[in-house]
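**Student:** First the structure, then my questions, so here it is.
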Amino acid sequence: QVQVVETGGGTVQAGESLRLSCTASGYTYSSGSMAWFRQAPGKEREGVASIYTGITYYSRSVMGRFTVSRDNPANGVYVLYLDMNNLKTEDTAMYYCAAARGNRFCTLLAGSSFGYWGQGTQVTVSS
């Protein structure tokens, strides 16, 4: 059974940095897409960043400020990171980690294509 858990959220001031982590225990797909999504109150879910076979993808709103990376498992647990720099108040949202069901590519434009999701971690950026 796959369990996805996000950590690292918190409250920071604009311009500061934060690192989110996502552990995917039980996930055995070495080349499936893994991604970060976010959803702010009253807004639709947005794909933020993803990685597939080492290639990274970003939304325009975070390109140049956020970096996604993935660790190969040392103990059978994949870890996905999101390094967020120069945070803005509009980055405030619940951030979710998602992983593909299988060794397949999933686009950031279709969150429904991802098979596994975490419960989210809150990021709040104050001015």
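Labeling convention for the structure tokens: chains A, B, ... as they appear, residues from 1 per chain, ligands from 1 in order of appearance.
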Just the strand (DSSP E) stuff from chain A, please, per backbone DSSP, written as a PyMOL selection string.
**Tutor:** chain A and resi 3-7+10-13+18-25+34-39+46-52+55-58+66-71+77-84+93-99+116-117+121-126
**Student:** Please identify all polymer residues within 10 Å of stretch 111-123 of chain A, counting only C-alpha atoms, omitting same-chain residues fewer than 4 positions from it, and present them as number ranges by chain.
**Tutor:** A: 2-12, 18, 20-24, 27, 32-40, 45-47, 87, 89, 91-102, 104-107
**Student:** Got a sec: who's within 9 Å of A:Gln13, counting only C-alpha atoms, leaving out chain neighbours fewer than 5 positions off, as a PyMOL selection string?
**Tutor:** chain A and resi 87-89+124-127
**Student:** Would you output that residue set with N, CA and C atoms, as a PDB file, in the first residue's frame?
**Tutor:**
ATOM      1  N   LEU A  87       9.768  33.559  -1.836  1.00  0.00           N
ATOM      2  CA  LEU A  87       8.342  33.300  -1.717  1.00  0.00           C
ATOM      3  C   LEU A  87       7.540  34.585  -1.736  1.00  0.00           C
ATOM      4  N   LYS A  88       6.365  34.486  -2.332  1.00  0.00           N
ATOM      5  CA  LYS A  88       5.454  35.620  -2.450  1.00  0.00           C
ATOM      6  C   LYS A  88       4.153  35.299  -1.718  1.00  0.00           C
ATOM      7  N   THR A  89       3.412  36.329  -1.384  1.00  0.00           N
ATOM      8  CA  THR A  89       2.154  36.100  -0.666  1.00  0.00           C
ATOM      9  C   THR A  89       1.205  35.235  -1.483  1.00  0.00           C
ATOM     10  N   THR A 124       2.173  29.323   4.294  1.00  0.00           N
ATOM     11  CA  THR A 124       1.612  30.663   4.413  1.00  0.00           C
ATOM     12  C   THR A 124       2.739  31.681   4.313  1.00  0.00           C
ATOM     13  N   VAL A 125       2.587  32.618   3.398  1.00  0.00           N
ATOM     14  CA  VAL A 125       3.603  33.645   3.186  1.00  0.00           C
ATOM     15  C   VAL A 125       2.983  34.991   3.552  1.00  0.00           C
ATOM     16  N   SER A 126       3.573  35.644   4.516  1.00  0.00           N
ATOM     17  CA  SER A 126       3.049  36.928   4.967  1.00  0.00           C
ATOM     18  C   SER A 126       3.888  38.072   4.391  1.00  0.00           C
ATOM     19  N   SER A 127       3.246  39.218   4.255  1.00  0.00           N
ATOM     20  CA  SER A 127       3.941  40.374   3.673  1.00  0.00           C
ATOM     21  C   SER A 127       4.694  41.170   4.718  1.00  0.00           C
TER      22      SER A 127
END
**Student:** A:Arg65: which residues within 9 Å, counting only C-alpha atoms, same-chain residues fewer than 5 positions away excluded, as a PyMOL selection string?
**Tutor:** chain A and resi 83-87
**Student:** Keeping only N, CA, C and O atoms, write the selected residues as an mmCIF file, in the first residue's frame.
**Tutor:**
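Wrote part_16.cif, looks like this:
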data_model
loop_
_atom_site.group_PDB
_atom_site.id
_atom_site.type_symbol
_atom_site.label_atom_id
_atom_site.label_comp_id
_atom_site.auth_asym_id
_atom_site.auth_seq_id
_atom_site.Cartn_x
_atom_site.Cartn_y
_atom_site.Cartn_z
ATOM 1 N N ASP A 83 12.078 22.940 -3.284
ATOM 2 C CA ASP A 83 12.780 24.081 -2.713
ATOM 3 C C ASP A 83 12.145 25.347 -3.247
ATOM 4 O O ASP A 83 12.140 25.574 -4.456
ATOM 5 N N MET A 84 11.624 26.146 -2.335
ATOM 6 C CA MET A 84 10.897 27.359 -2.714
ATOM 7 C C MET A 84 11.670 28.579 -2.235
ATOM 8 O O MET A 84 11.898 28.740 -1.034
ATOM 9 N N ASN A 85 12.093 29.401 -3.180
ATOM 10 C CA ASN A 85 12.858 30.602 -2.875
ATOM 11 C C ASN A 85 12.062 31.844 -3.263
ATOM 12 O O ASN A 85 11.163 31.778 -4.102
ATOM 13 N N ASN A 86 12.441 32.963 -2.654
ATOM 14 C CA ASN A 86 11.787 34.235 -2.958
ATOM 15 C C ASN A 86 10.262 34.087 -2.924
ATOM 16 O O ASN A 86 9.564 34.459 -3.879
ATOM 17 N N LEU A 87 9.768 33.559 -1.836
ATOM 18 C CA LEU A 87 8.342 33.300 -1.717
ATOM 19 C C LEU A 87 7.540 34.585 -1.736
ATOM 20 O O LEU A 87 7.977 35.624 -1.228
#
**Student:** Let's see if you can do this: from backbone DSSP, list all helix (DSSP H, G or I) residues in chain A, as a list in words.
**Tutor:** Thr89, Glu90, Asp91, Gly111, Ser112 and Ser113 of chain A
**Student:** For all heavy atoms, I'd like the residues from the last selection saved as a PDB file, in the first residue's frame.
**Tutor:**
ATOM      1  N   THR A  89       3.412  36.329  -1.384  1.00  0.00           N
ATOM      2  CA  THR A  89       2.154  36.100  -0.666  1.00  0.00           C
ATOM      3  C   THR A  89       1.205  35.235  -1.483  1.00  0.00           C
ATOM      4  O   THR A  89       0.433  34.449  -0.923  1.00  0.00           O
ATOM      5  CB  THR A  89       1.477  37.431  -0.320  1.00  0.00           C
ATOM      6  OG1 THR A  89       1.310  38.206  -1.511  1.00  0.00           O
ATOM      7  CG2 THR A  89       2.328  38.223   0.681  1.00  0.00           C
ATOM      8  N   GLU A  90       1.293  35.339  -2.815  1.00  0.00           N
ATOM      9  CA  GLU A  90       0.413  34.534  -3.663  1.00  0.00           C
ATOM     10  C   GLU A  90       0.804  33.063  -3.699  1.00  0.00           C
ATOM     11  O   GLU A  90       0.110  32.252  -4.311  1.00  0.00           O
ATOM     12  CB  GLU A  90       0.358  35.097  -5.089  1.00  0.00           C
ATOM     13  CG  GLU A  90       1.706  35.350  -5.726  1.00  0.00           C
ATOM     14  CD  GLU A  90       2.160  36.806  -5.587  1.00  0.00           C
ATOM     15  OE1 GLU A  90       1.976  37.397  -4.488  1.00  0.00           O
ATOM     16  OE2 GLU A  90       2.718  37.329  -6.578  1.00  0.00           O
ATOM     17  N   ASP A  91       1.923  32.701  -3.075  1.00  0.00           N
ATOM     18  CA  ASP A  91       2.302  31.295  -2.954  1.00  0.00           C
ATOM     19  C   ASP A  91       1.594  30.619  -1.790  1.00  0.00           C
ATOM     20  O   ASP A  91       1.702  29.401  -1.607  1.00  0.00           O
ATOM     21  CB  ASP A  91       3.812  31.154  -2.766  1.00  0.00           C
ATOM     22  CG  ASP A  91       4.602  31.607  -3.985  1.00  0.00           C
ATOM     23  OD1 ASP A  91       4.173  31.298  -5.112  1.00  0.00           O
ATOM     24  OD2 ASP A  91       5.651  32.261  -3.795  1.00  0.00           O
ATOM     25  N   GLY A 111      -4.284  16.882 -12.875  1.00  0.00           N
ATOM     26  CA  GLY A 111      -4.010  16.250 -11.595  1.00  0.00           C
ATOM     27  C   GLY A 111      -4.664  14.886 -11.468  1.00  0.00           C
ATOM     28  O   GLY A 111      -4.157  14.019 -10.766  1.00  0.00           O
ATOM     29  N   SER A 112      -5.754  14.698 -12.172  1.00  0.00           N
ATOM     30  CA  SER A 112      -6.463  13.425 -12.087  1.00  0.00           C
ATOM     31  C   SER A 112      -5.656  12.264 -12.647  1.00  0.00           C
ATOM     32  O   SER A 112      -5.979  11.101 -12.408  1.00  0.00           O
ATOM     33  CB  SER A 112      -7.798  13.518 -12.829  1.00  0.00           C
ATOM     34  OG  SER A 112      -7.578  13.873 -14.186  1.00  0.00           O
ATOM     35  N   SER A 113      -4.579  12.564 -13.397  1.00  0.00           N
ATOM     36  CA  SER A 113      -3.761  11.496 -13.964  1.00  0.00           C
ATOM     37  C   SER A 113      -2.824  10.871 -12.937  1.00  0.00           C
ATOM     38  O   SER A 113      -2.259   9.812 -13.186  1.00  0.00           O
ATOM     39  CB  SER A 113      -2.957  12.028 -15.151  1.00  0.00           C
ATOM     40  OG  SER A 113      -2.055  13.039 -14.734  1.00  0.00           O
TER      41      SER A 113
END
**Student:** Would you work out the distance separating atom CA of A:Arg60 from atom CA of A:Lys43, expressed in Å to one decimal?
**Tutor:** 16.7 Å
